[in-house]
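Q: For reference, this is query.cif, and it has mmCIF, N, CA and C atoms; chains and numbers go by the auth columns.
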```cif
data_upload
#
loop_
_atom_site.group_PDB
_atom_site.id
_atom_site.type_symbol
_atom_site.label_atom_id
_atom_site.label_comp_id
_atom_site.label_asym_id
_atom_site.label_seq_id
_atom_site.Cartn_x
_atom_site.Cartn_y
_atom_site.Cartn_z
_atom_site.B_iso_or_equiv
_atom_site.auth_seq_id
_atom_site.auth_asym_id
ATOM 1 N N MET A 1 116.345 87.292 -128.382 0.00 1 G
ATOM 2 C CA MET A 1 115.325 87.122 -129.401 0.00 1 G
ATOM 3 C C MET A 1 115.590 85.827 -130.158 0.00 1 G
ATOM 4 N N THR A 2 114.553 85.028 -130.394 0.00 2 G
ATOM 5 C CA THR A 2 114.719 83.770 -131.102 0.00 2 G
ATOM 6 C C THR A 2 114.470 83.966 -132.584 0.00 2 G
ATOM 7 N N ALA A 3 115.145 83.162 -133.365 0.00 3 G
ATOM 8 C CA ALA A 3 114.970 83.239 -134.817 0.00 3 G
ATOM 9 C C ALA A 3 113.664 82.569 -135.208 0.00 3 G
ATOM 10 N N ARG A 4 113.011 83.129 -136.206 0.00 4 G
ATOM 11 C CA ARG A 4 111.782 82.525 -136.709 0.00 4 G
ATOM 12 C C ARG A 4 112.119 81.305 -137.542 0.00 4 G
ATOM 13 N N PRO A 5 111.294 80.259 -137.456 0.00 5 G
ATOM 14 C CA PRO A 5 111.511 79.107 -138.332 0.00 5 G
ATOM 15 C C PRO A 5 111.231 79.501 -139.776 0.00 5 G
ATOM 16 N N PRO A 6 111.813 78.786 -140.723 0.00 6 G
ATOM 17 C CA PRO A 6 111.561 79.122 -142.128 0.00 6 G
ATOM 18 C C PRO A 6 110.076 79.017 -142.447 0.00 6 G
ATOM 19 N N ASP A 7 109.597 79.949 -143.213 0.00 7 G
ATOM 20 C CA ASP A 7 108.197 79.981 -143.597 0.00 7 G
ATOM 21 C C ASP A 7 108.035 79.282 -144.942 0.00 7 G
ATOM 22 N N PRO A 8 107.237 78.194 -145.004 0.00 8 G
ATOM 23 C CA PRO A 8 107.073 77.511 -146.292 0.00 8 G
ATOM 24 C C PRO A 8 106.442 78.406 -147.347 0.00 8 G
ATOM 25 N N ALA A 9 105.733 79.440 -146.930 0.00 9 G
ATOM 26 C CA ALA A 9 105.115 80.355 -147.891 0.00 9 G
ATOM 27 C C ALA A 9 106.153 81.233 -148.579 0.00 9 G
ATOM 28 N N ASP A 10 107.367 81.275 -148.043 0.00 10 G
ATOM 29 C CA ASP A 10 108.416 82.074 -148.664 0.00 10 G
ATOM 30 C C ASP A 10 109.042 81.370 -149.860 0.00 10 G
ATOM 31 N N SER A 11 108.713 80.113 -150.062 0.00 11 G
ATOM 32 C CA SER A 11 109.304 79.375 -151.167 0.00 11 G
ATOM 33 C C SER A 11 108.684 79.827 -152.488 0.00 11 G
ATOM 34 N N ALA A 12 109.317 79.449 -153.554 0.00 12 G
ATOM 35 C CA ALA A 12 108.825 79.833 -154.874 0.00 12 G
ATOM 36 C C ALA A 12 107.779 78.848 -155.388 0.00 12 G
ATOM 37 N N ALA A 13 107.463 77.821 -154.608 0.00 13 G
ATOM 38 C CA ALA A 13 106.486 76.823 -155.040 0.00 13 G
ATOM 39 C C ALA A 13 105.108 77.449 -155.186 0.00 13 G
ATOM 40 N N PRO A 14 104.373 77.050 -156.198 0.00 14 G
ATOM 41 C CA PRO A 14 103.014 77.577 -156.360 0.00 14 G
ATOM 42 C C PRO A 14 102.071 76.975 -155.315 0.00 14 G
ATOM 43 N N LEU A 15 100.896 77.555 -155.198 0.00 15 G
ATOM 44 C CA LEU A 15 99.886 76.998 -154.304 0.00 15 G
ATOM 45 C C LEU A 15 99.502 75.601 -154.779 0.00 15 G
ATOM 46 N N SER A 16 99.145 74.758 -153.834 0.00 16 G
ATOM 47 C CA SER A 16 98.706 73.413 -154.187 0.00 16 G
ATOM 48 C C SER A 16 97.299 73.462 -154.772 0.00 16 G
ATOM 49 N N ASP A 17 96.888 72.377 -155.394 0.00 17 G
ATOM 50 C CA ASP A 17 95.524 72.294 -155.919 0.00 17 G
ATOM 51 C C ASP A 17 94.515 72.423 -154.792 0.00 17 G
ATOM 52 N N GLN A 18 94.832 71.841 -153.638 0.00 18 G
ATOM 53 C CA GLN A 18 93.928 71.932 -152.493 0.00 18 G
ATOM 54 C C GLN A 18 93.804 73.379 -152.019 0.00 18 G
ATOM 55 N N ASP A 19 94.919 74.099 -151.967 0.00 19 G
ATOM 56 C CA ASP A 19 94.875 75.507 -151.566 0.00 19 G
ATOM 57 C C ASP A 19 94.012 76.315 -152.530 0.00 19 G
ATOM 58 N N ARG A 20 94.164 76.070 -153.806 0.00 20 G
ATOM 59 C CA ARG A 20 93.345 76.775 -154.804 0.00 20 G
ATOM 60 C C ARG A 20 91.865 76.424 -154.642 0.00 20 G
ATOM 61 N N ALA A 21 91.592 75.160 -154.331 0.00 21 G
ATOM 62 C CA ALA A 21 90.210 74.726 -154.139 0.00 21 G
ATOM 63 C C ALA A 21 89.589 75.390 -152.908 0.00 21 G
ATOM 64 N N VAL A 22 90.371 75.551 -151.848 0.00 22 G
ATOM 65 C CA VAL A 22 89.885 76.229 -150.643 0.00 22 G
ATOM 66 C C VAL A 22 89.515 77.671 -150.986 0.00 22 G
ATOM 67 N N LEU A 23 90.370 78.361 -151.711 0.00 23 G
ATOM 68 C CA LEU A 23 90.067 79.735 -152.109 0.00 23 G
ATOM 69 C C LEU A 23 88.835 79.798 -153.012 0.00 23 G
ATOM 70 N N ALA A 24 88.678 78.810 -153.882 0.00 24 G
ATOM 71 C CA ALA A 24 87.518 78.783 -154.781 0.00 24 G
ATOM 72 C C ALA A 24 86.224 78.606 -153.997 0.00 24 G
ATOM 73 N N VAL A 25 86.239 77.756 -152.989 0.00 25 G
ATOM 74 C CA VAL A 25 85.045 77.566 -152.153 0.00 25 G
ATOM 75 C C VAL A 25 84.720 78.870 -151.436 0.00 25 G
ATOM 76 N N GLU A 26 85.742 79.547 -150.963 0.00 26 G
ATOM 77 C CA GLU A 26 85.523 80.776 -150.203 0.00 26 G
ATOM 78 C C GLU A 26 85.014 81.920 -151.082 0.00 26 G
ATOM 79 N N ARG A 27 85.289 81.877 -152.371 0.00 27 G
ATOM 80 C CA ARG A 27 84.813 82.915 -153.301 0.00 27 G
ATOM 81 C C ARG A 27 83.313 82.821 -153.545 0.00 27 G
ATOM 82 N N ARG A 28 82.770 81.632 -153.417 0.00 28 G
ATOM 83 C CA ARG A 28 81.355 81.426 -153.733 0.00 28 G
ATOM 84 C C ARG A 28 80.435 81.984 -152.660 0.00 28 G
ATOM 85 N N SER A 29 79.208 82.267 -153.048 0.00 29 G
ATOM 86 C CA SER A 29 78.192 82.653 -152.057 0.00 29 G
ATOM 87 C C SER A 29 77.366 81.406 -151.754 0.00 29 G
ATOM 88 N N TRP A 30 76.801 81.384 -150.563 0.00 30 G
ATOM 89 C CA TRP A 30 76.105 80.187 -150.097 0.00 30 G
ATOM 90 C C TRP A 30 74.664 80.522 -149.757 0.00 30 G
ATOM 91 N N PRO A 31 73.712 79.658 -150.174 0.00 31 G
ATOM 92 C CA PRO A 31 72.293 79.944 -150.006 0.00 31 G
ATOM 93 C C PRO A 31 71.789 79.886 -148.566 0.00 31 G
ATOM 94 N N GLY A 32 72.436 79.109 -147.735 0.00 32 G
ATOM 95 C CA GLY A 32 71.940 78.998 -146.367 0.00 32 G
ATOM 96 C C GLY A 32 72.898 78.219 -145.495 0.00 32 G
ATOM 97 N N PRO A 33 72.556 78.112 -144.222 0.00 33 G
ATOM 98 C CA PRO A 33 73.433 77.403 -143.301 0.00 33 G
ATOM 99 C C PRO A 33 73.555 75.932 -143.686 0.00 33 G
ATOM 100 N N GLY A 34 74.736 75.433 -143.581 0.00 34 G
ATOM 101 C CA GLY A 34 74.988 74.027 -143.866 0.00 34 G
ATOM 102 C C GLY A 34 75.443 73.740 -145.283 0.00 34 G
ATOM 103 N N ALA A 35 75.083 74.596 -146.228 0.00 35 G
ATOM 104 C CA ALA A 35 75.446 74.339 -147.623 0.00 35 G
ATOM 105 C C ALA A 35 76.960 74.387 -147.824 0.00 35 G
ATOM 106 N N LYS A 36 77.601 75.359 -147.210 0.00 36 G
ATOM 107 C CA LYS A 36 79.048 75.497 -147.364 0.00 36 G
ATOM 108 C C LYS A 36 79.763 74.306 -146.724 0.00 36 G
ATOM 109 N N GLU A 37 79.339 73.927 -145.522 0.00 37 G
ATOM 110 C CA GLU A 37 79.976 72.802 -144.836 0.00 37 G
ATOM 111 C C GLU A 37 79.796 71.511 -145.627 0.00 37 G
ATOM 112 N N ARG A 38 78.620 71.335 -146.211 0.00 38 G
ATOM 113 C CA ARG A 38 78.363 70.146 -147.029 0.00 38 G
ATOM 114 C C ARG A 38 79.279 70.146 -148.258 0.00 38 G
ATOM 115 N N ALA A 39 79.426 71.311 -148.899 0.00 39 G
ATOM 116 C CA ALA A 39 80.303 71.410 -150.069 0.00 39 G
ATOM 117 C C ALA A 39 81.759 71.139 -149.689 0.00 39 G
ATOM 118 N N ILE A 40 82.173 71.614 -148.525 0.00 40 G
ATOM 119 C CA ILE A 40 83.550 71.369 -148.071 0.00 40 G
ATOM 120 C C ILE A 40 83.795 69.869 -147.957 0.00 40 G
ATOM 121 N N ARG A 41 82.864 69.170 -147.337 0.00 41 G
ATOM 122 C CA ARG A 41 83.021 67.717 -147.171 0.00 41 G
ATOM 123 C C ARG A 41 82.977 66.985 -148.505 0.00 41 G
ATOM 124 N N GLU A 42 82.014 67.361 -149.352 0.00 42 G
ATOM 125 C CA GLU A 42 81.814 66.640 -150.611 0.00 42 G
ATOM 126 C C GLU A 42 82.859 66.980 -151.668 0.00 42 G
ATOM 127 N N GLU A 43 83.161 68.263 -151.813 0.00 43 G
ATOM 128 C CA GLU A 43 84.062 68.686 -152.887 0.00 43 G
ATOM 129 C C GLU A 43 85.535 68.570 -152.519 0.00 43 G
ATOM 130 N N LEU A 44 85.851 68.870 -151.266 0.00 44 G
ATOM 131 C CA LEU A 44 87.254 68.858 -150.860 0.00 44 G
ATOM 132 C C LEU A 44 87.637 67.594 -150.108 0.00 44 G
ATOM 133 N N GLY A 45 86.655 66.894 -149.562 0.00 45 G
ATOM 134 C CA GLY A 45 86.932 65.666 -148.833 0.00 45 G
ATOM 135 C C GLY A 45 87.612 65.891 -147.492 0.00 45 G
ATOM 136 N N ILE A 46 87.383 67.059 -146.890 0.00 46 G
ATOM 137 C CA ILE A 46 87.974 67.361 -145.587 0.00 46 G
ATOM 138 C C ILE A 46 86.873 67.886 -144.668 0.00 46 G
ATOM 139 N N SER A 47 87.164 67.905 -143.383 0.00 47 G
ATOM 140 C CA SER A 47 86.192 68.422 -142.428 0.00 47 G
ATOM 141 C C SER A 47 86.190 69.945 -142.474 0.00 47 G
ATOM 142 N N PRO A 48 85.082 70.557 -142.075 0.00 48 G
ATOM 143 C CA PRO A 48 85.051 72.020 -142.006 0.00 48 G
ATOM 144 C C PRO A 48 86.134 72.588 -141.077 0.00 48 G
ATOM 145 N N VAL A 49 86.437 71.894 -139.988 0.00 49 G
ATOM 146 C CA VAL A 49 87.491 72.375 -139.080 0.00 49 G
ATOM 147 C C VAL A 49 88.827 72.448 -139.822 0.00 49 G
ATOM 148 N N ARG A 50 89.159 71.400 -140.559 0.00 50 G
ATOM 149 C CA ARG A 50 90.415 71.386 -141.310 0.00 50 G
ATOM 150 C C ARG A 50 90.397 72.467 -142.390 0.00 50 G
ATOM 151 N N TYR A 51 89.250 72.651 -143.032 0.00 51 G
ATOM 152 C CA TYR A 51 89.103 73.681 -144.053 0.00 51 G
ATOM 153 C C TYR A 51 89.460 75.053 -143.489 0.00 51 G
ATOM 154 N N TYR A 52 88.902 75.378 -142.329 0.00 52 G
ATOM 155 C CA TYR A 52 89.153 76.697 -141.742 0.00 52 G
ATOM 156 C C TYR A 52 90.597 76.833 -141.252 0.00 52 G
ATOM 157 N N GLN A 53 91.214 75.734 -140.858 0.00 53 G
ATOM 158 C CA GLN A 53 92.638 75.787 -140.510 0.00 53 G
ATOM 159 C C GLN A 53 93.463 76.127 -141.752 0.00 53 G
ATOM 160 N N LEU A 54 93.166 75.448 -142.850 0.00 54 G
ATOM 161 C CA LEU A 54 93.886 75.715 -144.103 0.00 54 G
ATOM 162 C C LEU A 54 93.622 77.140 -144.582 0.00 54 G
ATOM 163 N N LEU A 55 92.372 77.563 -144.517 0.00 55 G
ATOM 164 C CA LEU A 55 92.019 78.903 -144.963 0.00 55 G
ATOM 165 C C LEU A 55 92.749 79.965 -144.150 0.00 55 G
ATOM 166 N N ASN A 56 92.783 79.800 -142.842 0.00 56 G
ATOM 167 C CA ASN A 56 93.463 80.776 -141.996 0.00 56 G
ATOM 168 C C ASN A 56 94.952 80.859 -142.341 0.00 56 G
ATOM 169 N N ALA A 57 95.574 79.726 -142.598 0.00 57 G
ATOM 170 C CA ALA A 57 96.988 79.731 -142.990 0.00 57 G
ATOM 171 C C ALA A 57 97.165 80.427 -144.343 0.00 57 G
ATOM 172 N N LEU A 58 96.230 80.235 -145.246 0.00 58 G
ATOM 173 C CA LEU A 58 96.322 80.869 -146.564 0.00 58 G
ATOM 174 C C LEU A 58 96.247 82.387 -146.471 0.00 58 G
ATOM 175 N N LEU A 59 95.527 82.896 -145.488 0.00 59 G
ATOM 176 C CA LEU A 59 95.409 84.346 -145.367 0.00 59 G
ATOM 177 C C LEU A 59 96.739 85.016 -145.065 0.00 59 G
ATOM 178 N N ASP A 60 97.682 84.257 -144.538 0.00 60 G
ATOM 179 C CA ASP A 60 99.011 84.796 -144.243 0.00 60 G
ATOM 180 C C ASP A 60 100.047 84.389 -145.289 0.00 60 G
ATOM 181 N N ASP A 61 99.605 83.774 -146.358 0.00 61 G
ATOM 182 C CA ASP A 61 100.505 83.265 -147.400 0.00 61 G
ATOM 183 C C ASP A 61 100.495 84.242 -148.577 0.00 61 G
ATOM 184 N N ARG A 62 101.646 84.806 -148.889 0.00 62 G
ATOM 185 C CA ARG A 62 101.729 85.788 -149.980 0.00 62 G
ATOM 186 C C ARG A 62 101.306 85.190 -151.320 0.00 62 G
ATOM 187 N N ARG A 63 101.505 83.879 -151.486 0.00 63 G
ATOM 188 C CA ARG A 63 101.108 83.232 -152.745 0.00 63 G
ATOM 189 C C ARG A 63 99.589 83.255 -152.912 0.00 63 G
ATOM 190 N N ALA A 64 98.860 83.093 -151.804 0.00 64 G
ATOM 191 C CA ALA A 64 97.399 83.155 -151.862 0.00 64 G
ATOM 192 C C ALA A 64 96.951 84.575 -152.215 0.00 64 G
ATOM 193 N N LEU A 65 97.642 85.562 -151.652 0.00 65 G
ATOM 194 C CA LEU A 65 97.322 86.953 -151.963 0.00 65 G
ATOM 195 C C LEU A 65 97.551 87.232 -153.446 0.00 65 G
ATOM 196 N N GLU A 66 98.614 86.692 -154.002 0.00 66 G
ATOM 197 C CA GLU A 66 98.888 86.878 -155.425 0.00 66 G
ATOM 198 C C GLU A 66 97.866 86.141 -156.289 0.00 66 G
ATOM 199 N N GLU A 67 97.428 84.990 -155.830 0.00 67 G
ATOM 200 C CA GLU A 67 96.474 84.156 -156.571 0.00 67 G
ATOM 201 C C GLU A 67 95.070 84.775 -156.596 0.00 67 G
ATOM 202 N N ASP A 68 94.622 85.271 -155.447 0.00 68 G
ATOM 203 C CA ASP A 68 93.252 85.774 -155.330 0.00 68 G
ATOM 204 C C ASP A 68 93.214 86.942 -154.344 0.00 68 G
ATOM 205 N N PRO A 69 93.713 88.109 -154.763 0.00 69 G
ATOM 206 C CA PRO A 69 93.814 89.236 -153.834 0.00 69 G
ATOM 207 C C PRO A 69 92.471 89.733 -153.294 0.00 69 G
ATOM 208 N N VAL A 70 91.425 89.674 -154.084 0.00 70 G
ATOM 209 C CA VAL A 70 90.123 90.166 -153.628 0.00 70 G
ATOM 210 C C VAL A 70 89.617 89.316 -152.464 0.00 70 G
ATOM 211 N N THR A 71 89.629 88.011 -152.624 0.00 71 G
ATOM 212 C CA THR A 71 89.148 87.108 -151.578 0.00 71 G
ATOM 213 C C THR A 71 90.026 87.182 -150.341 0.00 71 G
ATOM 214 N N VAL A 72 91.328 87.127 -150.516 0.00 72 G
ATOM 215 C CA VAL A 72 92.238 87.139 -149.374 0.00 72 G
ATOM 216 C C VAL A 72 92.123 88.452 -148.601 0.00 72 G
ATOM 217 N N ASN A 73 92.100 89.573 -149.288 0.00 73 G
ATOM 218 C CA ASN A 73 91.983 90.864 -148.590 0.00 73 G
ATOM 219 C C ASN A 73 90.642 90.997 -147.873 0.00 73 G
ATOM 220 N N ARG A 74 89.561 90.506 -148.490 0.00 74 G
ATOM 221 C CA ARG A 74 88.250 90.551 -147.835 0.00 74 G
ATOM 222 C C ARG A 74 88.275 89.731 -146.548 0.00 74 G
ATOM 223 N N LEU A 75 88.839 88.536 -146.617 0.00 75 G
ATOM 224 C CA LEU A 75 88.886 87.670 -145.439 0.00 75 G
ATOM 225 C C LEU A 75 89.834 88.209 -144.370 0.00 75 G
ATOM 226 N N ARG A 76 90.895 88.852 -144.790 0.00 76 G
ATOM 227 C CA ARG A 76 91.796 89.482 -143.809 0.00 76 G
ATOM 228 C C ARG A 76 91.074 90.598 -143.054 0.00 76 G
ATOM 229 N N ARG A 77 90.275 91.381 -143.770 0.00 77 G
ATOM 230 C CA ARG A 77 89.505 92.447 -143.108 0.00 77 G
ATOM 231 C C ARG A 77 88.519 91.869 -142.099 0.00 77 G
ATOM 232 N N VAL A 78 87.844 90.795 -142.479 0.00 78 G
ATOM 233 C CA VAL A 78 86.894 90.147 -141.567 0.00 78 G
ATOM 234 C C VAL A 78 87.627 89.623 -140.341 0.00 78 G
ATOM 235 N N ARG A 79 88.753 88.961 -140.557 0.00 79 G
ATOM 236 C CA ARG A 79 89.531 88.413 -139.447 0.00 79 G
ATOM 237 C C ARG A 79 90.018 89.528 -138.525 0.00 79 G
ATOM 238 N N ASP A 80 90.522 90.603 -139.101 0.00 80 G
ATOM 239 C CA ASP A 80 91.023 91.720 -138.290 0.00 80 G
ATOM 240 C C ASP A 80 89.901 92.372 -137.487 0.00 80 G
ATOM 241 N N ALA A 81 88.716 92.485 -138.092 0.00 81 G
ATOM 242 C CA ALA A 81 87.577 93.066 -137.380 0.00 81 G
ATOM 243 C C ALA A 81 87.172 92.187 -136.201 0.00 81 G
ATOM 244 N N ARG A 82 87.198 90.891 -136.389 0.00 82 G
ATOM 245 C CA ARG A 82 86.859 89.973 -135.290 0.00 82 G
ATOM 246 C C ARG A 82 87.885 90.061 -134.179 0.00 82 G
ATOM 247 N N ARG A 83 89.141 90.155 -134.537 0.00 83 G
ATOM 248 C CA ARG A 83 90.191 90.267 -133.524 0.00 83 G
ATOM 249 C C ARG A 83 90.049 91.580 -132.739 0.00 83 G
ATOM 250 N N GLY A 84 89.635 92.630 -133.453 0.00 84 G
ATOM 251 C CA GLY A 84 89.479 93.936 -132.810 0.00 84 G
ATOM 252 C C GLY A 84 88.339 93.964 -131.805 0.00 84 G
ATOM 253 N N ARG A 85 87.356 93.101 -131.995 0.00 85 G
ATOM 254 C CA ARG A 85 86.209 93.052 -131.066 0.00 85 G
ATOM 255 C C ARG A 85 86.502 92.222 -129.832 0.00 85 G
ATOM 256 N N ARG A 86 87.574 91.480 -129.823 0.00 86 G
ATOM 257 C CA ARG A 86 87.883 90.608 -128.671 0.00 86 G
ATOM 258 C C ARG A 86 88.587 91.342 -127.596 0.00 86 G
#
```
In structure tokens, how does this file's structure come out?
A:
Amino acid sequence: MTARPPDPADSAAPLSDQDRAVLAVERRSWPGPGAKERAIREELGISPVRYYQLLNALLDDRRALEEDPVTVNRLRRVRDARRGRR
């Protein structure tokens, strides 16, 4: 069995401003297709692909769960349901 590499989420460091901003975008509701992607580009200055990479990593980060348990738990349920359908 191989040892797991150290998990940066295990550190005592708080979430970054960018991580908090990603969670804030995910908390909002969106009026239609494209609005969320446009906000990601304009407000965060990153591509939607990068946004979803960061968001997925946050779902496994205990600090994100402590910061916004409602959003993180909701997204974990959605992710688990999608995995269950595959």
Q: Just the number, please: distance in Å from CA of Gly84 (chain G) to CA of Asp61 (chain G), one decimal.
A: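 Separation of CA of Gly84 (chain G) and CA of Asp61 (chain G): 21.2 Å.
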Q: One decimal, in Å: what's the spacing between atom C of Arg77 (chain G) and atom C of Arg20 (chain G)?
A: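 Going from atom C of Arg77 (chain G) over to atom C of Arg20 (chain G) covers 20.2 Å.
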Q: Determine the residue set returned by the PyMOL selection byres ((chain G and resi 37-54) around 8) for the present structure, and present it as a list in words.
A: Gln18, Asp19, Ala21, Val22, Leu23, Val25, Gly32, Pro33, Gly34, Ala35, Lys36, Leu55, Asn56, Ala57, Leu58 and Leu59 of chain G
Q: According to DSSP computed on the backbone, where in chain G is there alpha helix (DSSP H)? Give the residues as a PyMOL selection string.
A: chain G and resi 17-27+35-39+48-59+62-67+69-85
Q: As an exercise, work out the distance from atom C of Asp60 (chain G) to CA of Pro31 (chain G) in Å and give it to one decimal place.
A: 28.5 Å
Q: Evaluate the PyMOL selection byres ((chain G and resi 63) around 8) and record the selected residues as a list in words, following the chain and residue labels used in the document.
A: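 Applying the expression gives Ala9, Asp10, Ala13, Pro14, Leu15, Leu58, Asp60, Asp61, Arg62, Ala64, Leu65, Glu66, Glu67, Asp68 and Pro69 of chain G.
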Q: Return as lines of an AutoDock Vina configuration file the centre and edge lengths, in Å with one decimal, of the box along x, y and z that encloses every atom of region 54-72 of chain G in the file, padded by 3 Å per side.
A:
```
center_x = 95.4
center_y = 82.8
center_z = -149.3
size_x = 18.6
size_y = 20.7
size_z = 20.6
```
